[in-house]
>>> print(open('target.cif').read())   # mmCIF, C-alpha atoms
data_protein
loop_
_atom_site.label_atom_id
_atom_site.label_comp_id
_atom_site.auth_asym_id
_atom_site.auth_seq_id
_atom_site.Cartn_x
_atom_site.Cartn_y
_atom_site.Cartn_z
CA MET A 1 118.21 44.05 6.05
CA PRO A 2 120.32 43.48 9.16
CA ALA A 3 120.20 40.18 11.00
CA ALA A 4 118.16 39.97 14.20
CA TRP A 5 121.20 40.14 16.49
CA GLU A 6 122.52 43.19 14.61
CA ARG A 7 119.22 44.98 15.03
CA GLN A 8 119.28 44.23 18.71
CA ILE A 9 122.68 45.79 19.12
CA PHE A 10 122.74 48.65 16.63
CA VAL A 11 119.17 49.98 16.52
CA PRO A 12 119.04 52.60 19.29
CA ASP A 13 116.59 51.61 21.99
CA PRO A 14 114.30 54.59 22.63
CA HIS A 15 113.79 53.42 26.24
CA ALA A 16 117.46 52.97 27.05
CA TRP A 17 117.71 56.32 28.81
CA THR A 18 114.56 55.97 30.89
CA SER A 19 116.38 53.69 33.31
CA LEU A 20 118.33 56.79 34.33
CA PRO A 21 116.46 59.39 36.36
CA GLU A 22 115.49 62.34 34.21
CA GLN A 23 116.22 65.03 36.76
CA PRO A 24 118.84 63.76 39.19
CA ILE A 25 120.05 67.38 39.34
CA LEU A 26 117.13 68.23 41.61
CA GLU A 27 117.76 65.46 44.18
CA VAL A 28 121.55 65.75 43.99
CA GLY A 29 121.27 69.54 44.19
CA ILE A 30 119.02 69.50 47.28
CA THR A 31 121.37 67.05 49.02
CA VAL A 32 124.55 68.98 48.17
CA LEU A 33 122.93 72.30 49.13
CA ALA A 34 121.71 70.86 52.44
CA PHE A 35 125.19 69.50 53.21
CA PHE A 36 126.80 72.82 52.23
CA ALA A 37 124.49 74.66 54.65
CA ALA A 38 125.17 72.00 57.31
CA VAL A 39 128.96 72.36 56.97
CA ARG A 40 128.62 76.17 57.23
CA LEU A 41 126.53 75.76 60.38
CA ALA A 42 129.05 73.28 61.83
CA ARG A 43 131.92 75.70 61.17
CA TRP A 44 129.93 78.57 62.69
CA SER A 45 129.54 76.44 65.85
CA GLY A 46 133.33 75.95 65.98
CA ASN A 47 132.93 72.31 64.84
CA ASN A 48 130.91 71.50 67.93
CA PRO A 49 130.32 67.71 67.67
CA PHE A 50 126.58 68.21 68.24
CA PHE A 51 126.41 70.21 64.98
CA ASN A 52 127.07 67.05 62.92
CA PRO A 53 126.90 67.99 59.21
CA THR A 54 125.44 64.60 58.16
CA LEU A 55 122.67 64.86 60.76
CA ILE A 56 121.81 68.48 59.90
CA ALA A 57 121.78 67.72 56.14
CA ILE A 58 119.47 64.71 56.68
CA VAL A 59 117.03 66.86 58.70
CA LEU A 60 117.05 69.57 55.98
CA VAL A 61 116.44 67.06 53.16
CA VAL A 62 113.67 65.31 55.14
CA ILE A 63 111.96 68.71 55.59
CA ALA A 64 112.41 69.49 51.87
CA ILE A 65 110.92 66.22 50.59
CA ASP A 66 108.12 66.44 53.18
CA VAL A 67 107.16 69.97 52.12
CA THR A 68 107.25 69.08 48.41
CA GLY A 69 105.40 65.79 48.96
CA THR A 70 108.19 63.74 47.37
CA SER A 71 108.40 60.03 48.22
CA TYR A 72 111.66 58.54 49.51
CA ALA A 73 111.81 56.24 46.46
CA THR A 74 111.66 59.23 44.11
CA TYR A 75 114.31 61.09 46.12
CA LEU A 76 116.66 58.09 46.27
CA HIS A 77 116.26 57.51 42.52
CA GLY A 78 118.07 60.80 41.94
CA ALA A 79 120.22 61.01 45.07
CA GLY A 80 121.53 57.52 44.33
CA PHE A 81 124.16 59.31 42.26
CA ILE A 82 125.68 60.60 45.51
CA GLN A 83 125.41 57.20 47.19
CA PHE A 84 127.29 55.70 44.25
CA LEU A 85 130.40 57.68 45.26
CA LEU A 86 130.48 55.90 48.63
CA ALA A 87 132.14 52.78 47.18
CA PRO A 88 135.21 54.48 45.59
CA THR A 89 135.56 56.74 48.65
CA VAL A 90 135.75 53.73 50.99
CA VAL A 91 138.52 52.36 48.72
CA LEU A 92 140.36 55.72 49.09
CA LEU A 93 140.58 55.15 52.88
CA ALA A 94 143.64 53.07 51.89
CA VAL A 95 145.52 56.40 51.46
CA PRO A 96 145.43 57.64 55.10
CA LEU A 97 146.14 54.02 56.12
CA TYR A 98 149.19 53.92 53.87
CA ARG A 99 150.47 57.26 55.23
CA GLN A 100 150.29 55.78 58.77
CA THR A 101 151.72 52.35 57.89
CA ALA A 102 154.68 52.59 60.30
CA LEU A 103 152.47 53.59 63.24
CA ILE A 104 149.94 50.85 62.43
CA ARG A 105 152.67 48.19 62.31
CA ALA A 106 153.87 49.33 65.75
CA SER A 107 150.32 49.22 67.17
CA GLY A 108 149.30 45.60 66.54
CA ALA A 109 148.41 44.80 70.15
CA LEU A 110 146.43 48.03 70.54
CA ILE A 111 144.38 47.32 67.40
CA ALA A 112 143.72 43.69 68.40
CA ALA A 113 142.62 44.73 71.92
CA ALA A 114 140.26 47.39 70.49
CA LEU A 115 138.55 44.87 68.20
CA LEU A 116 138.40 42.13 70.83
CA VAL A 117 136.37 44.46 73.08
CA GLY A 118 134.68 46.79 70.59
CA LEU A 119 133.24 44.26 68.14
CA PRO A 120 131.25 42.08 70.57
CA THR A 121 130.27 45.11 72.69
CA GLY A 122 128.87 46.84 69.61
CA VAL A 123 126.61 43.92 68.71
CA LEU A 124 125.62 42.75 72.20
CA SER A 125 124.97 46.18 73.76
CA ALA A 126 122.55 47.16 70.98
CA VAL A 127 120.70 43.83 70.90
CA GLY A 128 120.71 43.57 74.72
CA ILE A 129 119.27 47.03 75.33
CA ALA A 130 116.57 46.66 72.64
CA TRP A 131 115.67 43.15 73.88
CA ALA A 132 115.33 44.35 77.49
CA LEU A 133 112.97 47.10 76.30
CA GLY A 134 110.80 44.62 74.37
CA ALA A 135 111.81 45.12 70.73
CA SER A 136 110.53 42.61 68.15
CA LYS A 137 112.80 39.88 66.79
CA VAL A 138 113.06 41.49 63.34
CA THR A 139 114.14 44.78 64.93
CA LEU A 140 116.76 42.96 67.04
CA LEU A 141 118.19 41.26 63.95
CA SER A 142 118.19 44.57 62.06
CA LEU A 143 120.02 46.24 64.98
CA ALA A 144 122.75 43.60 65.39
CA PRO A 145 125.12 44.94 62.67
CA LYS A 146 124.44 48.63 63.50
CA SER A 147 128.11 49.57 64.17
CA VAL A 148 129.25 48.10 60.84
CA THR A 149 129.69 50.27 57.75
CA THR A 150 126.54 50.53 55.58
CA GLY A 151 127.52 48.26 52.69
CA ILE A 152 128.53 45.35 54.92
CA ALA A 153 125.77 45.90 57.52
CA VAL A 154 123.04 45.64 54.90
CA GLY A 155 124.49 42.31 53.70
CA ILE A 156 124.71 40.96 57.28
CA SER A 157 121.14 42.05 58.02
CA GLU A 158 119.90 40.18 54.95
CA ALA A 159 121.90 37.06 55.88
CA ILE A 160 120.58 36.84 59.46
CA GLY A 161 116.93 37.74 58.75
CA GLY A 162 116.74 41.46 59.49
CA VAL A 163 115.29 44.21 57.28
CA PRO A 164 118.24 45.57 55.23
CA ALA A 165 116.66 49.00 54.57
CA LEU A 166 115.89 49.46 58.29
CA THR A 167 119.44 48.42 59.12
CA ALA A 168 120.75 51.16 56.79
CA VAL A 169 118.86 53.81 58.79
CA LEU A 170 120.04 52.35 62.13
CA VAL A 171 123.63 52.27 60.85
CA ILE A 172 123.51 55.95 59.83
CA SER A 173 122.00 56.90 63.23
CA THR A 174 124.72 54.92 65.01
CA GLY A 175 127.44 56.68 63.00
CA ILE A 176 126.01 60.09 63.91
CA VAL A 177 125.85 59.15 67.63
CA GLY A 178 129.45 57.89 67.44
CA ALA A 179 130.61 61.07 65.70
CA ILE A 180 128.95 63.21 68.40
CA ALA A 181 129.77 61.10 71.49
CA GLY A 182 133.36 60.29 70.48
CA PRO A 183 134.82 63.82 70.72
CA VAL A 184 132.68 64.55 73.82
CA LEU A 185 134.09 61.46 75.59
CA GLN A 186 137.60 62.34 74.38
CA ARG A 187 137.42 65.70 76.15
CA TRP A 188 135.65 64.26 79.19
CA LEU A 189 138.05 61.33 79.70
CA ARG A 190 141.09 63.37 78.52
CA VAL A 191 142.18 60.73 75.99
CA GLU A 192 145.39 62.09 74.49
CA ASP A 193 146.33 59.26 72.12
CA ASP A 194 144.63 59.87 68.77
CA ARG A 195 145.07 56.17 67.88
CA VAL A 196 142.81 55.15 70.79
CA MET A 197 140.10 57.69 69.92
CA GLY A 198 140.32 56.83 66.22
CA LEU A 199 139.96 53.09 66.80
CA ALA A 200 137.02 53.56 69.19
CA ILE A 201 135.17 55.97 66.88
CA GLY A 202 135.78 53.78 63.81
CA ILE A 203 134.67 50.57 65.55
CA ALA A 204 131.60 52.14 67.18
CA GLY A 205 130.64 54.64 64.48
CA HIS A 206 132.06 53.36 61.14
CA GLY A 207 132.24 55.83 58.21
CA ILE A 208 130.44 58.82 59.75
CA GLY A 209 132.63 58.43 62.85
CA THR A 210 135.67 58.20 60.55
CA ALA A 211 134.62 61.43 58.80
CA ARG A 212 134.68 63.13 62.21
CA ALA A 213 137.95 61.44 63.25
CA LEU A 214 139.61 62.81 60.10
CA GLN A 215 138.87 66.28 61.53
CA ILE A 216 140.65 65.43 64.81
CA SER A 217 143.91 64.45 63.06
CA GLU A 218 145.20 62.26 60.26
CA VAL A 219 146.32 59.65 62.82
CA ALA A 220 142.81 59.53 64.32
CA GLY A 221 141.32 59.32 60.82
CA ALA A 222 143.63 56.51 59.70
CA PHE A 223 142.98 54.45 62.84
CA ALA A 224 139.24 55.10 62.55
CA GLY A 225 139.32 53.84 58.94
CA LEU A 226 141.29 50.81 60.11
CA GLY A 227 138.90 50.11 62.99
CA MET A 228 135.91 50.50 60.66
CA SER A 229 137.34 48.17 58.00
CA LEU A 230 138.52 45.42 60.37
CA ASN A 231 135.31 45.61 62.42
CA GLY A 232 133.24 45.45 59.23
CA VAL A 233 135.07 42.49 57.73
CA LEU A 234 135.24 40.51 60.99
CA THR A 235 131.58 41.16 61.90
CA GLY A 236 130.58 40.29 58.34
CA VAL A 237 132.21 36.89 58.67
CA LEU A 238 131.57 36.14 62.37
CA LEU A 239 127.99 37.35 62.96
CA PRO A 240 126.27 35.16 60.33
CA LEU A 241 128.38 32.19 61.56
CA ALA A 242 127.43 32.88 65.19
CA MET A 243 123.73 33.13 64.24
CA ARG A 244 123.92 29.80 62.42
CA GLY A 245 125.39 28.26 65.58
CA LEU A 246 122.51 29.50 67.76
CA MET B 247 144.26 62.64 38.19
CA LEU B 248 142.76 60.29 35.63
CA GLU B 249 145.34 57.66 36.54
CA ALA B 250 144.41 57.94 40.23
CA ILE B 251 140.69 57.54 39.43
CA ALA B 252 141.44 54.55 37.17
CA ARG B 253 143.54 52.92 39.90
CA VAL B 254 140.73 53.22 42.46
CA THR B 255 138.16 51.98 39.93
CA VAL B 256 140.21 48.91 38.97
CA TRP B 257 140.65 47.72 42.59
CA LEU B 258 137.00 48.47 43.36
CA ALA B 259 135.83 46.52 40.30
CA LEU B 260 138.08 43.60 41.22
CA GLY B 261 136.67 43.67 44.77
CA GLU B 262 133.11 43.61 43.40
CA ALA B 263 133.95 40.77 41.02
CA LEU B 264 135.52 38.66 43.79
CA MET B 265 132.40 39.12 45.93
CA ARG B 266 129.95 38.31 43.11
CA LEU B 267 131.92 35.20 42.21
CA GLY B 268 131.58 34.14 45.85
CA LEU B 269 135.36 34.07 46.37
CA VAL B 270 135.37 36.71 49.15
CA PRO B 271 132.56 37.06 51.74
CA VAL B 272 132.90 40.86 52.10
CA PRO B 273 131.53 43.71 49.93
CA GLY B 274 133.57 45.05 47.01
CA PRO B 275 134.61 48.42 48.54
CA VAL B 276 136.26 46.75 51.57
CA THR B 277 138.21 44.32 49.37
CA GLY B 278 139.06 47.28 47.12
CA LEU B 279 140.43 49.18 50.14
CA VAL B 280 142.67 46.25 51.08
CA LEU B 281 143.84 45.81 47.46
CA LEU B 282 144.68 49.51 47.03
CA TYR B 283 146.55 49.45 50.35
CA LEU B 284 148.60 46.41 49.29
CA ASP B 285 149.21 48.08 45.91
CA LEU B 286 150.60 51.19 47.69
CA VAL B 287 152.72 49.12 50.09
CA TRP B 288 154.06 47.12 47.13
CA HIS B 289 155.04 50.23 45.14
CA LYS B 290 156.20 52.11 48.27
CA THR B 291 155.07 55.45 46.81
CA LEU B 292 151.92 57.53 47.02
CA PRO B 293 151.38 59.60 43.83
CA ASP B 294 150.42 63.23 44.58
CA ASP B 295 147.23 62.92 42.53
CA LEU B 296 146.01 59.90 44.46
CA GLY B 297 146.77 61.65 47.76
CA ARG B 298 144.87 64.74 46.62
CA LEU B 299 141.92 62.68 45.35
CA ALA B 300 141.69 60.88 48.70
CA ASP B 301 141.85 64.14 50.68
CA ARG B 302 139.17 65.79 48.54
CA MET B 303 136.78 62.82 48.59
CA LEU B 304 137.26 62.03 52.28
CA ALA B 305 136.49 65.68 53.12
CA LEU B 306 133.04 64.96 51.64
CA PHE B 307 132.65 61.55 53.33
CA GLY B 308 129.79 62.80 55.53
CA LEU B 309 127.77 63.94 52.48
CA LEU B 310 127.72 60.45 50.98
CA PHE B 311 125.68 59.04 53.91
CA VAL B 312 122.88 61.61 53.60
CA PRO B 313 120.71 59.76 51.00
CA ALA B 314 120.66 56.55 53.11
CA GLY B 315 119.93 58.56 56.26
CA VAL B 316 116.94 60.27 54.66
CA GLY B 317 115.50 56.71 54.49
CA VAL B 318 114.35 57.35 58.05
CA VAL B 319 111.10 58.69 56.49
CA ALA B 320 110.45 55.35 54.78
CA HIS B 321 110.58 53.50 58.12
CA ALA B 322 108.63 55.98 60.23
CA ASP B 323 106.05 53.28 61.14
CA VAL B 324 108.53 50.76 62.62
CA LEU B 325 110.52 53.53 64.29
CA GLN B 326 107.37 54.94 65.87
CA ALA B 327 106.09 51.54 67.05
CA GLU B 328 109.41 50.61 68.71
CA PHE B 329 110.73 54.11 69.36
CA LEU B 330 112.12 53.58 72.88
CA PRO B 331 114.01 50.28 72.32
CA ILE B 332 115.49 51.51 69.03
CA VAL B 333 116.61 54.94 70.28
CA ALA B 334 117.97 53.46 73.54
CA ALA B 335 119.85 50.74 71.63
CA VAL B 336 121.34 53.15 69.08
CA ILE B 337 122.40 55.85 71.59
CA GLY B 338 123.11 53.61 74.61
CA GLY B 339 124.77 50.85 72.61
CA THR B 340 127.06 53.22 70.75
CA VAL B 341 128.13 55.13 73.87
CA VAL B 342 128.74 51.83 75.74
CA THR B 343 130.87 50.56 72.81
CA LEU B 344 132.94 53.77 72.73
CA LEU B 345 133.44 53.72 76.51
CA ALA B 346 134.34 50.01 76.66
CA THR B 347 136.89 50.33 73.83
CA VAL B 348 138.54 53.49 75.16
CA ALA B 349 138.61 52.18 78.76
CA THR B 350 140.20 48.88 77.68
CA LEU B 351 142.94 50.60 75.68
CA VAL B 352 143.71 53.15 78.42
CA LEU B 353 143.85 50.40 81.09
CA ALA B 354 145.97 48.17 78.83
CA HIS B 355 148.38 51.08 78.42
CA SER B 356 148.84 51.76 82.11
CA TRP B 357 149.18 48.01 82.72
CA ALA B 358 151.88 47.75 80.05
CA ARG B 359 153.73 50.73 81.50
CA ARG B 360 153.64 49.34 85.04
CA ARG B 361 154.79 45.96 83.77
CA LYS B 362 157.60 47.54 81.82
CA ARG B 363 158.85 49.29 84.94
CA THR B 364 158.96 46.08 87.01
CA ASP B 365 159.82 43.61 84.27
CA ALA B 366 161.84 44.77 81.30
CA GLY B 367 160.98 41.63 79.33
CA GLY B 368 157.25 42.42 79.09
CA LEU B 369 155.25 43.84 76.23
CA GLY B 370 156.95 46.76 74.53
CA GLU B 371 155.83 50.29 75.27
CA ALA B 372 155.17 50.77 71.55
CA ASP B 373 152.78 47.81 71.52
CA LEU B 374 150.33 49.18 74.01
CA ARG B 375 150.91 52.88 74.22
CA ALA B 376 147.52 54.39 74.99
#
>>> encode(input="target.cif", output="structure tokens")
Amino acid sequence: MPAAWERQIFVPDPHAWTSLPEQPILEVGITVLAFFAAVRLARWSGNNPFFNPTLIAIVLVVIAIDVTGTSYATYLHGAGFIQFLLAPTVVLLAVPLYRQTALIRASGALIAAALLVGLPTGVLSAVGIAWALGASKVTLLSLAPKSVTTGIAVGISEAIGGVPALTAVLVISTGIVGAIAGPVLQRWLRVEDDRVMGLAIGIAGHGIGTARALQISEVAGAFAGLGMSLNGVLTGVLLPLAMRGL
Amino acid sequence: MLEAIARVTVWLALGEALMRLGLVPVPGPVTGLVLLYLDLVWHKTLPDDLGRLADRMLALFGLLFVPAGVGVVAHADVLQAEFLPIVAAVIGGTVVTLLATVATLVLAHSWARRRKRTDAGGLGEADLRA
């Protein structure tokens, strides 16, 4: 007869597997298929910024779960497997940064100037516009970290009294707008330095903007990743402190 | 390839641990990014496998945001009730941020160039080339 602690460890728990979704294949499959179709559509458009693959895939999945009557919780239970890959992929942004180390070291003043303007503008423009149009306080607090990458933004939102899940949606929307507006402005303003465009897209549109910047060039992608990371870390430290001071 | 995956996982796990222990106020992936970068700078080499892994995964970066974006259906009520302020803030705020950042850097560049022409001791061209 095994001791109690042995039983606890060695007797297989019949419920151990139920914490994992039984059919993540369905949710993961729908998401991957939607993104595959979205990328095809984007390529067909000649990578027109308005054909943003993330946006198109989201619309397709929303239609799919609406038609099948699936709840978001059920969908996320399975699709969480895809979301899980976000963390290691953010870590991998160190690679384009490393490849551009020399250029980054020579661009200290440029990077500092971009953050000095971009960080406060990102927070204040969103909160200011929503406040002027009569948004509620909870919405304002959820909007404040909208230009910051998802993982950090959700933490900030929680710390300052917003709704973290709402912030996640606002962050994704912001990234899509940044990924669309960035290249349009680049053509319109004839910005030739990929470092400038990369920094602006990364600071304003975090990871989704960075995904688009990586298509412009590796320099744009590296500076977007840098802008996103520095903006995320600095906002994560400064915004909760500023709110405590108010 | 396994070594590249292990390297990323170790720095990510350390980043997570530092955050959960309350030693660093930022999420694990951002600390992990910084740690992997310092690791690469320290070793001064980028293994082919790690480079390939990064290129493959970053090509799929946009896919990884889809599940969170689908969350729009879970917040349809708030979004409907405050549709105008939210849409205006997200679109307007993001465009204003892009414009302000780009304009600052372009102006700083032309200022640095003008200054360099009149005063050779000013900020270097490389510092503010935009």
>>> atom_distance(input="target.cif", atom1="CA of His289 (chain B)", atom2="CA of Val272 (chain B)")
25.0 Å
>>> resolve_selection(input="target.cif", expression="the PyMOL selection byres ((chain A and resi 232-235) around 7)", output="PyMOL selection string")
(chain A and resi 148-149+152+228-231+236-239) or (chain B and resi 272)
>>> interface_residues(input="target.cif", of="chain A", to="chain B", cutoff="6 Å", atoms="all atoms listed in the file", output="count of residues only")
32
>>> atom_distance(input="target.cif", atom1="CA of Gln100 (chain A)", atom2="CA of Ala112 (chain A)")
16.8 Å
>>> axis_aligned_box(input="target.cif", around="region 303-321 of chain B", padding_each_side="8 Å", output="lines of an AutoDock Vina configuration file")
center_x = 123.9
center_y = 59.6
center_z = 53.4
size_x = 42.8
size_y = 28.2
size_z = 25.5
>>> atom_distance(input="target.cif", atom1="CA of Phe223 (chain A)", atom2="CA of Ile104 (chain A)")
7.8 Å
>>> resolve_selection(input="target.cif", expression="the PyMOL selection byres ((chain A and resi 59-67) around 8)", output="ChimeraX atom specification")
/A:30-31,34,55-58,68-72,75 /B:316,319
>>> closest_residue(input="target.cif", among="A:Leu226, A:Ala159, A:Arg43, A:Met243", to="Thr101 (chain A)", atoms="all atoms listed in the file")
A:Leu226
>>> closest_residue(input="target.cif", among="A:Phe51, A:Leu199, A:His206, A:Glu192", to="Ser147 (chain A)", atoms="only C-alpha atoms")
A:His206
>>> resolve_selection(input="target.cif", expression="the PyMOL selection byres ((chain A and resi 140) around 9)", output="list in words")
Ala126, Val127, Gly128, Ala130, Trp131, Ala135, Ser136, Lys137, Val138, Thr139, Leu141, Ser142, Leu143, Ala144 and Gly162 of chain A; Ile332 of chain B
